[in-house]
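Please read the structure below before turning to the comments.
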Amino acid sequence: MRKKISTTFNSLLFMFPSLIIIGIFLLYPLITSAYLSFTDYNFVYSIKPVFTGLVNFRSLFSDTYFLIALRNTINYTIVFFPLTILISFLLALLLNSKTRGVSFFQATLLLPIVVPLSLAGVMFTWIFAEDFGILNYILGDILKLPQITHFWLAEKETALNSLAAVGIWKYFGFCVILFLAGLKAIPIEIYESAEIDGANSLQRLIYIIIPNLRGSFLLVGIWTIIQAIKVYDQVVVMTKGGPGNSTLVLYLYAWKNAFEYFEMGYAQTVALFVGALAFIISALFNLFIKSERK
Amino acid sequence: MQYIIKLKLSNITIIVIGILTSLIILSPIIWIIFTSFKNVKEIYTIPFTIWPKKVVFTNYLLVINNLPEFPIYFFNTIKVTFGTILLVLPLSAAFGYVLARKDFYGKGIIRSTLLAFIAIPFLVYLVPIYILEDILKLLDTNLGLILPYTALNLPLAIIIMESAYKELPCELEEAAYIDGASSYEIWLKVLTPLVITSLAAVVIFTFIAVWEEYMFARTLMMKTLAQTLSVGIPNLKVEAKSWAYGTLSAALTLSLMPAILIFVLLRKYFVEGLLRGSIKG
């Protein structure tokens, strides 16, 4: 008992600076954030937040723009999530070998992770540009397919998908690495016994690799869904939510409420909605992983 | 014999696919780098050239001479990145150590709070931190980014360090304790040298997180004087100042190079660091 008190005191010294920083910049903001979402607080006109109860939460689902943002985020996820998983899984299968040079390819696949998404946005704005953009040049002038050239970022039909392409470019290499880690963890004996039983590659894929990669699929799946919910950087740089709100996503809508309309209370309600969504997904994932380990 | 041929063929397929995908991935970056060495006329001439007809450095000279913002963005990014790493590294190591090795009151609650913080997206903190920094007069200062970045990255770093210290055998600590070493000495001199790989992992994922952070940087730093590369370079486009592809490609190349160089030199640690950081939502 006495010893535990003195250990507690001693440990507190080790944790003290971190606790201060976390307290001021995470815990306090989290508490204010919860409070703000129940208030009407215009940062320019209001002197201080006015408590309004559940008004913000109720207006959320009758707010057309919020629903547009929710739909766009879902549409983004529908493109980003399956493509990232499919591409990275197939590449991981191919690169899961001891061939020399494979580690070099793994490194190049991972390189986009150090390219800031906002700078990738600048790069791709140029690549997608109507004139002097290389994508239209390749499609129209080299492949002679002018019918599939687009004003990629200026057309409602292609803008969101173009943003998803940037997201896939940035993140799929990382997913390859996650899958490869999972593949390496499959014991080699399983492959060998399958070979003796005469299983062909497809059978090995369906009966051995995929079931043994459950954990990796979960990890990559949840991770990509959360990245999709959090999409923001390239949207701001490339389209700013346009054309005609076709790329207005949840993060951007929360940000705009706060820093364009200065409605801090309502912005925080939107942010909490997004936060709760991501939090629930990660929490479910952690539960899965825990039950898996037991 | 047949088996060897089959194996060789598949190796070649793997290498071909590897080269092709690497090319696709790298092509945007290669395109930017090559363009930065072309003269302006060549950039705007169709058909496009890939390799510059004549290598010129005019675009780089333009960035250096006519873009006084560029060095500001660059050094702000460096200061903020290294400032954050210098805080996160010792703080997470100290915290992770007591969390792994000591039995104290409130440990369970502290640990679950940290895990909850890891799962909450940064957006939730943005507005409150903005209001807070407005009061504390931290807006438009380097410290105004370093402190929130430190706070946002600490929980994950602490959990990574905790699991690193947990893996070490208890005997080490007991032996040092008998020799009369204090907890501080045990932490710094006996245990920490054994968790260098985890410390490297923490450095790597903090580096990536801070280097590319856009939303906080954009919101909290409104003045050019305080902005970082990830915010400043896209703004050049808005101000129409250098949205000429020549200067832009040179500025982009210069902004990307430090991180790419670090990545190439330390790529082994990047894989490790990212794998350990992958639990972040």
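Residue names in the structure tokens use chain letters A, B, ... in the order shown, residue numbers from 1 in each chain, and ligand numbers from 1 in the order shown.
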Would you kindly return, as a list in words, each protein, DNA or RNA residue with an atom no farther than 10 Å from any atom of Phe95 of chain B, considering only C-alpha atoms and excluding same-chain residues fewer than 4 positions away?
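My reading of the contact set: Ser11, Leu12, Leu13, Phe14, Met15, Phe16, Pro17, Ser18 and Leu19 of chain A; Pro90, Leu91, Leu99, Ala100, Leu154, Pro155, Ala157, Ile158, Ile159, Met161 and Glu162 of chain B.
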With N, CA and C atoms retained, write the just-selected residues as a PDB file, in the first residue's frame.
ATOM      1  N   SER A  11       5.937   7.646 -10.474  1.00  0.00           N
ATOM      2  CA  SER A  11       5.497   7.512 -11.864  1.00  0.00           C
ATOM      3  C   SER A  11       4.937   8.821 -12.395  1.00  0.00           C
ATOM      4  N   LEU A  12       4.278   9.546 -11.483  1.00  0.00           N
ATOM      5  CA  LEU A  12       3.679  10.806 -11.898  1.00  0.00           C
ATOM      6  C   LEU A  12       4.732  11.759 -12.441  1.00  0.00           C
ATOM      7  N   LEU A  13       5.931  11.703 -11.860  1.00  0.00           N
ATOM      8  CA  LEU A  13       7.015  12.560 -12.350  1.00  0.00           C
ATOM      9  C   LEU A  13       7.345  12.241 -13.806  1.00  0.00           C
ATOM     10  N   PHE A  14       7.331  10.941 -14.127  1.00  0.00           N
ATOM     11  CA  PHE A  14       7.627  10.530 -15.502  1.00  0.00           C
ATOM     12  C   PHE A  14       6.529  10.978 -16.465  1.00  0.00           C
ATOM     13  N   MET A  15       5.285  10.972 -15.969  1.00  0.00           N
ATOM     14  CA  MET A  15       4.168  11.247 -16.870  1.00  0.00           C
ATOM     15  C   MET A  15       3.784  12.720 -16.902  1.00  0.00           C
ATOM     16  N   PHE A  16       4.274  13.468 -15.922  1.00  0.00           N
ATOM     17  CA  PHE A  16       3.782  14.824 -15.703  1.00  0.00           C
ATOM     18  C   PHE A  16       3.761  15.703 -16.958  1.00  0.00           C
ATOM     19  N   PRO A  17       4.904  15.867 -17.668  1.00  0.00           N
ATOM     20  CA  PRO A  17       4.866  16.769 -18.830  1.00  0.00           C
ATOM     21  C   PRO A  17       3.859  16.319 -19.884  1.00  0.00           C
ATOM     22  N   SER A  18       3.803  15.012 -20.138  1.00  0.00           N
ATOM     23  CA  SER A  18       2.848  14.506 -21.134  1.00  0.00           C
ATOM     24  C   SER A  18       1.420  14.783 -20.696  1.00  0.00           C
ATOM     25  N   LEU A  19       1.147  14.548 -19.402  1.00  0.00           N
ATOM     26  CA  LEU A  19      -0.222  14.744 -18.915  1.00  0.00           C
ATOM     27  C   LEU A  19      -0.640  16.199 -19.076  1.00  0.00           C
TER      28      LEU A  19
ATOM     29  N   PRO B  90      11.157  11.882 -26.050  1.00  0.00           N
ATOM     30  CA  PRO B  90      11.433  11.610 -24.625  1.00  0.00           C
ATOM     31  C   PRO B  90      10.153  11.446 -23.808  1.00  0.00           C
ATOM     32  N   LEU B  91       9.109  12.234 -24.134  1.00  0.00           N
ATOM     33  CA  LEU B  91       7.881  12.148 -23.339  1.00  0.00           C
ATOM     34  C   LEU B  91       7.240  10.771 -23.473  1.00  0.00           C
ATOM     35  N   LEU B  99       4.228   3.067 -17.670  1.00  0.00           N
ATOM     36  CA  LEU B  99       3.003   2.335 -17.982  1.00  0.00           C
ATOM     37  C   LEU B  99       3.293   0.829 -18.093  1.00  0.00           C
ATOM     38  N   ALA B 100       4.485   0.496 -18.585  1.00  0.00           N
ATOM     39  CA  ALA B 100       4.820  -0.916 -18.776  1.00  0.00           C
ATOM     40  C   ALA B 100       5.342  -1.550 -17.500  1.00  0.00           C
ATOM     41  N   LEU B 154       1.160  11.992 -29.230  1.00  0.00           N
ATOM     42  CA  LEU B 154       1.654  11.334 -28.017  1.00  0.00           C
ATOM     43  C   LEU B 154       0.945  10.020 -27.671  1.00  0.00           C
ATOM     44  N   PRO B 155      -0.412   9.963 -27.672  1.00  0.00           N
ATOM     45  CA  PRO B 155      -1.052   8.724 -27.211  1.00  0.00           C
ATOM     46  C   PRO B 155      -0.555   7.484 -27.939  1.00  0.00           C
ATOM     47  N   ALA B 157       2.250   7.146 -29.620  1.00  0.00           N
ATOM     48  CA  ALA B 157       3.678   6.949 -29.328  1.00  0.00           C
ATOM     49  C   ALA B 157       3.846   6.277 -27.968  1.00  0.00           C
ATOM     50  N   ILE B 158       3.046   6.700 -26.989  1.00  0.00           N
ATOM     51  CA  ILE B 158       3.144   6.118 -25.651  1.00  0.00           C
ATOM     52  C   ILE B 158       2.803   4.628 -25.685  1.00  0.00           C
ATOM     53  N   ILE B 159       1.712   4.291 -26.400  1.00  0.00           N
ATOM     54  CA  ILE B 159       1.299   2.889 -26.454  1.00  0.00           C
ATOM     55  C   ILE B 159       2.369   2.043 -27.141  1.00  0.00           C
ATOM     56  N   MET B 161       5.615   2.677 -27.164  1.00  0.00           N
ATOM     57  CA  MET B 161       6.739   2.550 -26.241  1.00  0.00           C
ATOM     58  C   MET B 161       6.399   1.616 -25.095  1.00  0.00           C
ATOM     59  N   GLU B 162       5.146   1.650 -24.663  1.00  0.00           N
ATOM     60  CA  GLU B 162       4.740   0.739 -23.583  1.00  0.00           C
ATOM     61  C   GLU B 162       4.980  -0.713 -23.989  1.00  0.00           C
TER      62      GLU B 162
END
Skip segment 115-117 of chain B itself and residues of its chain fewer than 6 positions away, then list as a list in words all residues within 9 Å of it, counting only C-alpha atoms.
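Contacts, with the query itself left out: Leu26, Leu27, Phe279 and Ala283 of chain A; Leu152, Pro155, Leu156 and Ile159 of chain B.
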Non-local contacts of Gly221 of chain A (12 Å; only C-alpha atoms; under 2 positions in same chain excluded) as an MDAnalysis selection string
(chainID A and resid 77 80:86 88:89 172 175 178:179 213:219 223:228 281:282 285) or (chainID B and resid 278:279 281)
Could you dump the residues just selected with C-alpha atoms as an mmCIF file, in the first residue's frame?
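Written file, part30.cif:
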data_model
loop_
_atom_site.group_PDB
_atom_site.id
_atom_site.type_symbol
_atom_site.label_atom_id
_atom_site.label_comp_id
_atom_site.auth_asym_id
_atom_site.auth_seq_id
_atom_site.Cartn_x
_atom_site.Cartn_y
_atom_site.Cartn_z
ATOM 1 C CA THR A 77 -15.743 5.345 -49.697
ATOM 2 C CA PHE A 80 -11.784 4.209 -52.516
ATOM 3 C CA PHE A 81 -12.356 1.246 -50.191
ATOM 4 C CA PRO A 82 -12.789 -1.723 -52.579
ATOM 5 C CA LEU A 83 -10.222 -0.508 -55.106
ATOM 6 C CA THR A 84 -7.535 0.094 -52.491
ATOM 7 C CA ILE A 85 -8.082 -3.327 -50.957
ATOM 8 C CA LEU A 86 -8.238 -5.160 -54.277
ATOM 9 C CA SER A 88 -3.069 -3.808 -52.662
ATOM 10 C CA PHE A 89 -4.057 -7.435 -52.038
ATOM 11 C CA PHE A 172 -2.374 1.647 -51.434
ATOM 12 C CA CYS A 175 -1.870 -1.419 -47.553
ATOM 13 C CA LEU A 178 0.186 -4.461 -44.244
ATOM 14 C CA PHE A 179 -0.912 -7.409 -46.397
ATOM 15 C CA LEU A 213 -5.359 -13.256 -43.777
ATOM 16 C CA ARG A 214 -8.594 -12.457 -41.930
ATOM 17 C CA GLY A 215 -6.736 -10.221 -39.503
ATOM 18 C CA SER A 216 -4.962 -8.329 -42.283
ATOM 19 C CA PHE A 217 -8.197 -7.848 -44.218
ATOM 20 C CA LEU A 218 -9.836 -6.461 -41.114
ATOM 21 C CA LEU A 219 -6.935 -4.146 -40.388
ATOM 22 C CA TRP A 223 -7.992 1.549 -41.890
ATOM 23 C CA THR A 224 -9.148 2.386 -45.430
ATOM 24 C CA ILE A 225 -12.721 3.120 -44.306
ATOM 25 C CA ILE A 226 -11.389 5.541 -41.713
ATOM 26 C CA GLN A 227 -9.095 7.196 -44.256
ATOM 27 C CA ALA A 228 -12.140 7.604 -46.498
ATOM 28 C CA ILE A 281 -15.539 1.689 -36.394
ATOM 29 C CA SER A 282 -12.129 1.640 -34.671
ATOM 30 C CA PHE A 285 -12.141 -3.284 -34.921
ATOM 31 C CA SER B 278 -1.135 1.307 -38.205
ATOM 32 C CA ILE B 279 -3.522 0.990 -35.271
ATOM 33 C CA GLY B 281 -7.619 5.423 -36.895
#
Give me the residues near Pro148 of chain B as a PDB file with all heavy atoms, in the first residue's frame, where near means some atom within 10 Å (using only C-alpha atoms) and where sequence neighbours in that chain fewer than 6 positions away do not count.
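Now in around.pdb:
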ATOM      1  N   ILE A  21       0.467  18.402 -21.381  1.00  0.00           N
ATOM      2  CA  ILE A  21       0.213  18.697 -22.797  1.00  0.00           C
ATOM      3  C   ILE A  21      -1.073  18.019 -23.266  1.00  0.00           C
ATOM      4  O   ILE A  21      -1.923  18.634 -23.920  1.00  0.00           O
ATOM      5  CB  ILE A  21       1.406  18.252 -23.667  1.00  0.00           C
ATOM      6  CG1 ILE A  21       2.637  19.094 -23.296  1.00  0.00           C
ATOM      7  CG2 ILE A  21       1.093  18.422 -25.144  1.00  0.00           C
ATOM      8  CD1 ILE A  21       3.862  18.793 -24.108  1.00  0.00           C
ATOM      9  N   ILE A  22      -1.254  16.749 -22.905  1.00  0.00           N
ATOM     10  CA  ILE A  22      -2.463  16.035 -23.321  1.00  0.00           C
ATOM     11  C   ILE A  22      -3.700  16.663 -22.678  1.00  0.00           C
ATOM     12  O   ILE A  22      -4.743  16.818 -23.306  1.00  0.00           O
ATOM     13  CB  ILE A  22      -2.360  14.533 -22.967  1.00  0.00           C
ATOM     14  CG1 ILE A  22      -1.312  13.876 -23.857  1.00  0.00           C
ATOM     15  CG2 ILE A  22      -3.696  13.826 -23.137  1.00  0.00           C
ATOM     16  CD1 ILE A  22      -1.092  12.408 -23.573  1.00  0.00           C
ATOM     17  N   ILE A  24      -4.154  19.824 -21.766  1.00  0.00           N
ATOM     18  CA  ILE A  24      -4.513  21.113 -22.353  1.00  0.00           C
ATOM     19  C   ILE A  24      -4.968  20.969 -23.803  1.00  0.00           C
ATOM     20  O   ILE A  24      -5.928  21.599 -24.219  1.00  0.00           O
ATOM     21  CB  ILE A  24      -3.324  22.096 -22.272  1.00  0.00           C
ATOM     22  CG1 ILE A  24      -2.985  22.374 -20.806  1.00  0.00           C
ATOM     23  CG2 ILE A  24      -3.643  23.404 -22.988  1.00  0.00           C
ATOM     24  CD1 ILE A  24      -1.778  23.249 -20.616  1.00  0.00           C
ATOM     25  N   PHE A  25      -4.280  20.117 -24.579  1.00  0.00           N
ATOM     26  CA  PHE A  25      -4.551  20.096 -26.013  1.00  0.00           C
ATOM     27  C   PHE A  25      -5.399  18.919 -26.484  1.00  0.00           C
ATOM     28  O   PHE A  25      -5.721  18.824 -27.661  1.00  0.00           O
ATOM     29  CB  PHE A  25      -3.245  20.164 -26.812  1.00  0.00           C
ATOM     30  CG  PHE A  25      -2.642  21.539 -26.795  1.00  0.00           C
ATOM     31  CD1 PHE A  25      -1.702  21.888 -25.833  1.00  0.00           C
ATOM     32  CD2 PHE A  25      -3.042  22.498 -27.713  1.00  0.00           C
ATOM     33  CE1 PHE A  25      -1.166  23.162 -25.810  1.00  0.00           C
ATOM     34  CE2 PHE A  25      -2.511  23.773 -27.696  1.00  0.00           C
ATOM     35  CZ  PHE A  25      -1.568  24.104 -26.730  1.00  0.00           C
ATOM     36  N   LEU A  26      -5.736  17.973 -25.610  1.00  0.00           N
ATOM     37  CA  LEU A  26      -6.661  16.918 -26.026  1.00  0.00           C
ATOM     38  C   LEU A  26      -7.877  16.828 -25.107  1.00  0.00           C
ATOM     39  O   LEU A  26      -9.015  16.884 -25.561  1.00  0.00           O
ATOM     40  CB  LEU A  26      -5.971  15.541 -26.059  1.00  0.00           C
ATOM     41  CG  LEU A  26      -4.917  15.267 -27.124  1.00  0.00           C
ATOM     42  CD1 LEU A  26      -4.504  13.809 -27.083  1.00  0.00           C
ATOM     43  CD2 LEU A  26      -5.411  15.602 -28.513  1.00  0.00           C
TER      44      LEU A  26
ATOM     45  N   THR B  84       8.348  18.935 -32.809  1.00  0.00           N
ATOM     46  CA  THR B  84       7.399  17.929 -32.351  1.00  0.00           C
ATOM     47  C   THR B  84       8.107  16.622 -32.009  1.00  0.00           C
ATOM     48  O   THR B  84       7.857  16.025 -30.964  1.00  0.00           O
ATOM     49  CB  THR B  84       6.332  17.670 -33.429  1.00  0.00           C
ATOM     50  OG1 THR B  84       5.798  18.923 -33.840  1.00  0.00           O
ATOM     51  CG2 THR B  84       5.226  16.797 -32.899  1.00  0.00           C
ATOM     52  N   TYR B 125     -10.986  17.864 -32.410  1.00  0.00           N
ATOM     53  CA  TYR B 125     -10.271  18.826 -31.567  1.00  0.00           C
ATOM     54  C   TYR B 125     -10.066  20.174 -32.247  1.00  0.00           C
ATOM     55  O   TYR B 125      -9.624  21.117 -31.605  1.00  0.00           O
ATOM     56  CB  TYR B 125      -8.885  18.288 -31.202  1.00  0.00           C
ATOM     57  CG  TYR B 125      -8.876  16.894 -30.632  1.00  0.00           C
ATOM     58  CD1 TYR B 125      -8.388  15.835 -31.366  1.00  0.00           C
ATOM     59  CD2 TYR B 125      -9.353  16.659 -29.349  1.00  0.00           C
ATOM     60  CE1 TYR B 125      -8.362  14.556 -30.839  1.00  0.00           C
ATOM     61  CE2 TYR B 125      -9.329  15.382 -28.817  1.00  0.00           C
ATOM     62  CZ  TYR B 125      -8.834  14.344 -29.571  1.00  0.00           C
ATOM     63  OH  TYR B 125      -8.808  13.083 -29.054  1.00  0.00           O
ATOM     64  N   LEU B 126     -10.318  20.242 -33.549  1.00  0.00           N
ATOM     65  CA  LEU B 126      -9.870  21.412 -34.309  1.00  0.00           C
ATOM     66  C   LEU B 126     -10.460  22.727 -33.804  1.00  0.00           C
ATOM     67  O   LEU B 126      -9.728  23.666 -33.486  1.00  0.00           O
ATOM     68  CB  LEU B 126     -10.180  21.211 -35.794  1.00  0.00           C
ATOM     69  CG  LEU B 126      -9.713  22.349 -36.694  1.00  0.00           C
ATOM     70  CD1 LEU B 126      -8.208  22.434 -36.713  1.00  0.00           C
ATOM     71  CD2 LEU B 126     -10.238  22.165 -38.110  1.00  0.00           C
ATOM     72  N   ILE B 129      -9.362  23.687 -30.209  1.00  0.00           N
ATOM     73  CA  ILE B 129      -7.957  24.093 -30.159  1.00  0.00           C
ATOM     74  C   ILE B 129      -7.793  25.474 -30.784  1.00  0.00           C
ATOM     75  O   ILE B 129      -7.032  26.300 -30.286  1.00  0.00           O
ATOM     76  CB  ILE B 129      -7.051  23.039 -30.854  1.00  0.00           C
ATOM     77  CG1 ILE B 129      -6.930  21.804 -29.957  1.00  0.00           C
ATOM     78  CG2 ILE B 129      -5.659  23.603 -31.125  1.00  0.00           C
ATOM     79  CD1 ILE B 129      -6.027  20.726 -30.475  1.00  0.00           C
ATOM     80  N   GLU B 133      -6.206  28.465 -28.760  1.00  0.00           N
ATOM     81  CA  GLU B 133      -4.995  29.160 -29.207  1.00  0.00           C
ATOM     82  C   GLU B 133      -5.252  30.641 -29.454  1.00  0.00           C
ATOM     83  O   GLU B 133      -4.340  31.462 -29.344  1.00  0.00           O
ATOM     84  CB  GLU B 133      -4.443  28.494 -30.480  1.00  0.00           C
ATOM     85  CG  GLU B 133      -3.930  27.106 -30.202  1.00  0.00           C
ATOM     86  CD  GLU B 133      -2.804  26.693 -31.134  1.00  0.00           C
ATOM     87  OE1 GLU B 133      -2.610  27.342 -32.174  1.00  0.00           O
ATOM     88  OE2 GLU B 133      -2.122  25.708 -30.813  1.00  0.00           O
ATOM     89  N   LEU B 154       1.160  11.992 -29.230  1.00  0.00           N
ATOM     90  CA  LEU B 154       1.654  11.334 -28.017  1.00  0.00           C
ATOM     91  C   LEU B 154       0.945  10.020 -27.671  1.00  0.00           C
ATOM     92  O   LEU B 154       1.625   9.025 -27.403  1.00  0.00           O
ATOM     93  CB  LEU B 154       1.567  12.282 -26.828  1.00  0.00           C
ATOM     94  CG  LEU B 154       2.874  12.934 -26.371  1.00  0.00           C
ATOM     95  CD1 LEU B 154       2.599  13.862 -25.205  1.00  0.00           C
ATOM     96  CD2 LEU B 154       3.917  11.906 -25.988  1.00  0.00           C
ATOM     97  N   PHE B 216      -4.859  21.206 -39.585  1.00  0.00           N
ATOM     98  CA  PHE B 216      -4.507  22.089 -38.470  1.00  0.00           C
ATOM     99  C   PHE B 216      -3.607  23.215 -38.951  1.00  0.00           C
ATOM    100  O   PHE B 216      -3.803  24.379 -38.590  1.00  0.00           O
ATOM    101  CB  PHE B 216      -3.804  21.308 -37.353  1.00  0.00           C
ATOM    102  CG  PHE B 216      -4.756  20.629 -36.425  1.00  0.00           C
ATOM    103  CD1 PHE B 216      -5.404  19.466 -36.805  1.00  0.00           C
ATOM    104  CD2 PHE B 216      -5.020  21.152 -35.173  1.00  0.00           C
ATOM    105  CE1 PHE B 216      -6.299  18.844 -35.959  1.00  0.00           C
ATOM    106  CE2 PHE B 216      -5.920  20.535 -34.318  1.00  0.00           C
ATOM    107  CZ  PHE B 216      -6.555  19.374 -34.712  1.00  0.00           C
TER     108      PHE B 216
END
Pick out the closest residue to Ala226 of chain B from this set: B:Gly144, B:Pro28, B:Gly106, B:Pro121. Count only C-alpha atoms.
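Nearest candidate to Ala226 of chain B out of B:Gly144, B:Pro28, B:Gly106, B:Pro121: B:Gly144.
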Name all residues at most 12 Å from segment 91-103 of chain A (count only C-alpha atoms; drop same-chain ones fewer than 5 positions away) and give them as an MDAnalysis selection string.
(chainID A and resid 84:86 108:110 172:186 201:202 204:205 209:210 213 216) or (chainID B and resid 7:22 267:268 271)
Restricting the calculation to only C-alpha atoms: of B:Leu220, B:Leu172, B:Ile120, B:Ile135, which residue gets closest to chain A?
B:Ile120
